[in-house]
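Here's start.txt, which has compact mmCIF, C-alpha atoms:
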```txt
# COMPACT_ATOMS: atom_id res chain seq x y z
CA MET A 736 38.49 -19.78 41.26
CA LEU A 737 35.60 -21.95 42.45
CA PRO A 738 33.39 -19.01 43.58
CA ALA A 739 33.83 -17.41 40.13
CA LEU A 740 32.72 -20.65 38.46
CA LEU A 741 29.70 -20.91 40.74
CA VAL A 742 28.67 -17.32 40.06
CA GLY A 743 29.24 -17.82 36.33
CA GLY A 744 27.25 -21.04 36.42
CA ALA A 745 24.35 -19.36 38.25
CA PHE A 746 24.35 -16.52 35.72
CA SER A 747 24.32 -18.97 32.81
CA ALA A 748 21.43 -20.93 34.31
CA SER A 749 19.34 -17.78 34.75
CA ALA A 750 20.20 -16.63 31.22
CA VAL A 751 18.98 -19.97 29.88
CA GLN A 752 15.73 -19.66 31.84
CA ALA A 753 15.18 -16.15 30.47
CA GLN A 754 15.62 -17.44 26.93
CA GLN A 755 13.18 -20.35 27.28
CA ARG A 756 10.54 -20.22 24.60
CA ASP A 757 6.81 -20.37 25.14
CA VAL A 758 6.13 -22.81 22.32
CA ALA A 759 2.36 -22.88 22.95
CA LYS A 760 2.15 -19.09 22.65
CA GLU A 761 4.34 -19.11 19.54
CA GLU A 762 2.05 -21.71 17.96
CA ALA A 763 -1.03 -19.67 18.87
CA ASN A 764 0.61 -16.62 17.22
CA ARG A 765 1.47 -18.69 14.13
CA GLN A 766 -2.09 -19.99 13.84
CA LEU A 767 -3.50 -16.47 14.30
CA VAL A 768 -1.35 -15.12 11.44
CA VAL A 769 -1.89 -18.09 9.10
CA ASN A 770 -5.67 -17.94 9.62
CA PHE A 771 -5.69 -14.17 9.10
CA TYR A 772 -3.58 -14.53 5.96
CA ASP A 773 -5.84 -17.17 4.41
CA ARG A 774 -9.06 -15.30 5.18
CA PHE A 775 -7.73 -11.90 4.12
CA PHE A 776 -5.47 -12.65 1.15
CA ASN A 777 -7.25 -15.71 -0.29
CA LYS A 778 -10.90 -15.28 0.63
CA HIS A 779 -10.70 -11.46 0.60
CA GLU A 780 -12.64 -11.23 3.87
CA MET A 781 -12.01 -7.70 5.07
CA GLU A 782 -13.33 -8.56 8.56
CA ALA A 783 -10.34 -10.90 8.98
CA ALA A 784 -8.36 -7.72 9.71
CA ASP A 785 -10.08 -7.58 13.12
CA VAL A 786 -6.88 -9.20 14.45
CA ILE A 787 -4.88 -6.09 13.48
CA VAL A 788 -4.52 -3.24 15.96
CA GLU A 789 -5.56 0.30 14.94
CA SER A 790 -1.97 1.51 15.42
CA TYR A 791 -0.59 -1.21 13.09
CA LYS A 792 2.98 -0.40 12.04
CA GLN A 793 3.81 -1.20 8.41
CA HIS A 794 7.34 -1.50 6.99
CA ASN A 795 6.28 -2.10 3.37
CA PRO A 796 6.94 1.30 1.73
CA TYR A 797 3.82 1.03 -0.47
CA VAL A 798 1.30 0.40 2.32
CA PRO A 799 0.47 3.05 4.95
CA ASP A 800 0.55 2.55 8.72
CA GLY A 801 -2.72 1.83 10.50
CA LYS A 802 -5.40 -0.83 10.26
CA ALA A 803 -7.91 1.19 8.18
CA PRO A 804 -5.34 2.30 5.57
CA PHE A 805 -4.10 -1.31 5.31
CA VAL A 806 -7.62 -2.64 4.73
CA ASN A 807 -8.44 0.11 2.20
CA PHE A 808 -5.21 -0.52 0.29
CA PHE A 809 -5.97 -4.21 -0.15
CA LYS A 810 -9.71 -3.74 -0.66
CA ASP A 811 -8.85 -1.70 -3.76
CA THR A 812 -6.21 -4.26 -4.82
CA PHE A 813 -8.67 -7.17 -4.48
CA GLN A 814 -11.36 -5.31 -6.45
CA LYS A 815 -8.88 -4.85 -9.30
CA ASN A 816 -7.55 -8.41 -8.96
CA PRO A 817 -10.37 -10.65 -7.71
CA GLN A 818 -8.42 -13.82 -8.55
CA SER A 819 -5.40 -12.86 -6.42
CA ARG A 820 -4.24 -15.58 -4.05
CA ALA A 821 -1.38 -16.09 -1.61
CA LYS A 822 -0.38 -19.65 -0.78
CA VAL A 823 1.50 -20.04 2.48
CA VAL A 824 4.22 -22.57 1.69
CA ARG A 825 5.95 -22.45 5.09
CA SER A 826 5.40 -20.79 8.42
CA ALA A 827 7.35 -20.51 11.64
CA ALA A 828 7.25 -18.56 14.87
CA ASP A 829 9.93 -17.35 17.24
CA GLY A 830 8.93 -15.31 20.25
CA ASP A 831 6.48 -12.62 19.15
CA LEU A 832 7.40 -12.95 15.45
CA VAL A 833 5.66 -15.10 12.84
CA TYR A 834 7.35 -15.81 9.51
CA LEU A 835 5.54 -16.81 6.33
CA HIS A 836 7.06 -17.94 3.01
CA VAL A 837 4.35 -17.25 0.44
CA HIS A 838 3.67 -17.72 -3.27
CA SER A 839 1.57 -14.68 -4.17
CA GLN A 840 -0.24 -14.40 -7.52
CA ARG A 841 -2.64 -11.82 -8.91
CA SER A 842 -4.02 -14.53 -11.22
CA SER A 843 -3.30 -18.21 -11.89
CA GLU A 844 -1.79 -17.27 -15.26
CA GLN A 845 1.01 -15.25 -13.62
CA ARG A 846 4.21 -16.68 -12.14
CA GLY A 847 3.70 -14.33 -9.20
CA ALA A 848 6.13 -13.48 -6.46
CA ALA A 849 7.98 -15.19 -3.65
CA VAL A 850 7.22 -13.29 -0.46
CA VAL A 851 8.59 -13.52 3.05
CA ASP A 852 6.18 -11.84 5.46
CA ILE A 853 7.12 -11.19 9.07
CA PHE A 854 4.42 -10.26 11.57
CA ARG A 855 4.85 -9.19 15.18
CA VAL A 856 2.04 -10.34 17.45
CA GLN A 857 1.27 -8.83 20.84
CA ASP A 858 -1.57 -9.90 23.14
CA GLY A 859 -3.25 -11.92 20.38
CA LYS A 860 -3.20 -9.07 17.82
CA ILE A 861 -1.02 -8.27 14.83
CA VAL A 862 0.87 -5.06 15.61
CA GLU A 863 3.65 -4.84 13.02
CA HIS A 864 4.65 -6.17 9.59
CA TRP A 865 7.72 -6.45 7.35
CA ASP A 866 8.00 -8.12 3.95
CA VAL A 867 10.46 -8.97 1.22
CA VAL A 868 9.05 -9.56 -2.29
CA GLN A 869 10.86 -11.16 -5.23
CA PRO A 870 9.24 -11.82 -8.63
CA VAL A 871 9.29 -15.44 -9.76
CA PRO A 872 11.49 -15.36 -12.88
CA GLU A 873 10.77 -17.17 -16.12
CA LYS A 874 14.19 -18.87 -16.01
CA SER A 875 16.48 -19.79 -13.16
CA ALA A 876 20.26 -20.27 -13.08
CA ASN A 877 19.65 -23.51 -11.16
CA GLY A 878 17.03 -26.24 -11.11
CA ASN A 879 15.56 -25.21 -7.77
CA THR A 880 12.15 -23.64 -7.31
CA MET A 881 11.62 -20.58 -5.14
CA PHE A 882 9.27 -22.63 -2.96
```
In structure tokens, write the structure found in this file.
Amino acid sequence: MLPALLVGGAFSASAVQAQQRDVAKEEANRQLVVNFYDRFFNKHEMEAADVIVESYKQHNPYVPDGKAPFVNFFKDTFQKNPQSRAKVVRSAADGDLVYLHVHSQRSSEQRGAAVVDIFRVQDGKIVEHWDVVQPVPEKSANGNTMF
């Protein structure tokens, strides 16, 4: 029984080592995405997309794959909605993924939408994106905000 425990213990120790997080890299990824998000979605600086790879994979069904199609999609959106802003309320990173909880508005007069954006970062570049968007309702069944 003892050899089985020793082998099991050795396996568990190596599994723990393999799962150790690189917190410094995760923070660098988080900062990369938050800075990109502010420059691109708030300041409408198209050159902020330099952190996106050409083969960018998009999971939002309304936005095409690729860096250039992404930039063109939002360039048109920003021209039509120059007051649009996206306030990052929370951010977190885990491994190569960065999560943002965002209050997005086309103008300050609109309630906007609650957005959860998920970005995958590889070698200091954004390579993939998912999002979930929910309109901010006029009334809520509880007293809690969406943010």
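When CA of Phe813 in chain A is paired with CA of Asp773 in chain A, their separation reads 13.7 Å.
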Interatomic distance (Å, one decimal) between CA of Tyr834 in chain A and CA of Asn764 in chain A: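 Value for the CA of Tyr834 in chain A-CA of Asn764 in chain A distance: 10.3 Å.
Computed from the coordinates, the CA of Asp829 in chain A to CA of Gly847 in chain A distance equals 27.3 Å.
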Near-Lys760 in chain A list (10 Å; all atoms listed in the file; drop same-chain fewer than 3 positions) as a ChimeraX atom specification: /A:756-757,763-766,828-831,858-859
Selected residue, from A:Arg825, A:His864, A:His838, A:Lys802, that lies nearest to Val769 in chain A when counting all atoms listed in the file: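 The shortest atom-to-atom distance to Val769 in chain A comes from A:Arg825.
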Nearest to Thr812 in chain A, chosen from A:Ala783, A:Val862, A:Val856, A:Val798, with only C-alpha atoms counted in the distances: A:Val798
From A:Val851, A:Ala759, A:Gly878, A:Met781, residue lying nearest Asp811 in chain A [all atoms listed in the file]: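 When distances to Asp811 in chain A are compared using all atoms listed in the file, the smallest one comes from A:Met781.
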Could I see range 825-837 of chain A restored to N, CA and C atoms, set down as a CSV table (one decimal), in the frame of the given file?
```csv
chain,number,residue,atom,x,y,z
A,825,ARG,N,5.3,-22.1,3.8
A,825,ARG,CA,6.0,-22.4,5.1
A,825,ARG,C,5.6,-21.4,6.1
A,826,SER,N,5.6,-21.8,7.3
A,826,SER,CA,5.4,-20.8,8.4
A,826,SER,C,6.2,-21.2,9.6
A,827,ALA,N,6.6,-20.2,10.4
A,827,ALA,CA,7.4,-20.5,11.6
A,827,ALA,C,7.1,-19.3,12.6
A,828,ALA,N,7.4,-19.6,13.9
A,828,ALA,CA,7.2,-18.6,14.9
A,828,ALA,C,8.4,-18.6,15.8
A,829,ASP,N,8.8,-17.5,16.3
A,829,ASP,CA,9.9,-17.4,17.2
A,829,ASP,C,9.6,-16.1,18.1
A,830,GLY,N,9.3,-16.4,19.4
A,830,GLY,CA,8.9,-15.3,20.2
A,830,GLY,C,7.6,-14.7,19.8
A,831,ASP,N,7.7,-13.3,19.6
A,831,ASP,CA,6.5,-12.6,19.2
A,831,ASP,C,6.4,-12.4,17.6
A,832,LEU,N,7.4,-13.1,16.9
A,832,LEU,CA,7.4,-13.0,15.4
A,832,LEU,C,6.9,-14.2,14.8
A,833,VAL,N,6.1,-14.0,13.7
A,833,VAL,CA,5.7,-15.1,12.8
A,833,VAL,C,6.2,-14.9,11.4
A,834,TYR,N,6.8,-15.9,10.8
A,834,TYR,CA,7.4,-15.8,9.5
A,834,TYR,C,6.5,-16.7,8.5
A,835,LEU,N,6.2,-16.1,7.4
A,835,LEU,CA,5.5,-16.8,6.3
A,835,LEU,C,6.4,-16.7,5.1
A,836,HIS,N,6.5,-17.9,4.4
A,836,HIS,CA,7.1,-17.9,3.0
A,836,HIS,C,5.9,-18.2,2.1
A,837,VAL,N,5.6,-17.3,1.2
A,837,VAL,CA,4.4,-17.2,0.4
A,837,VAL,C,4.6,-17.2,-1.1
```
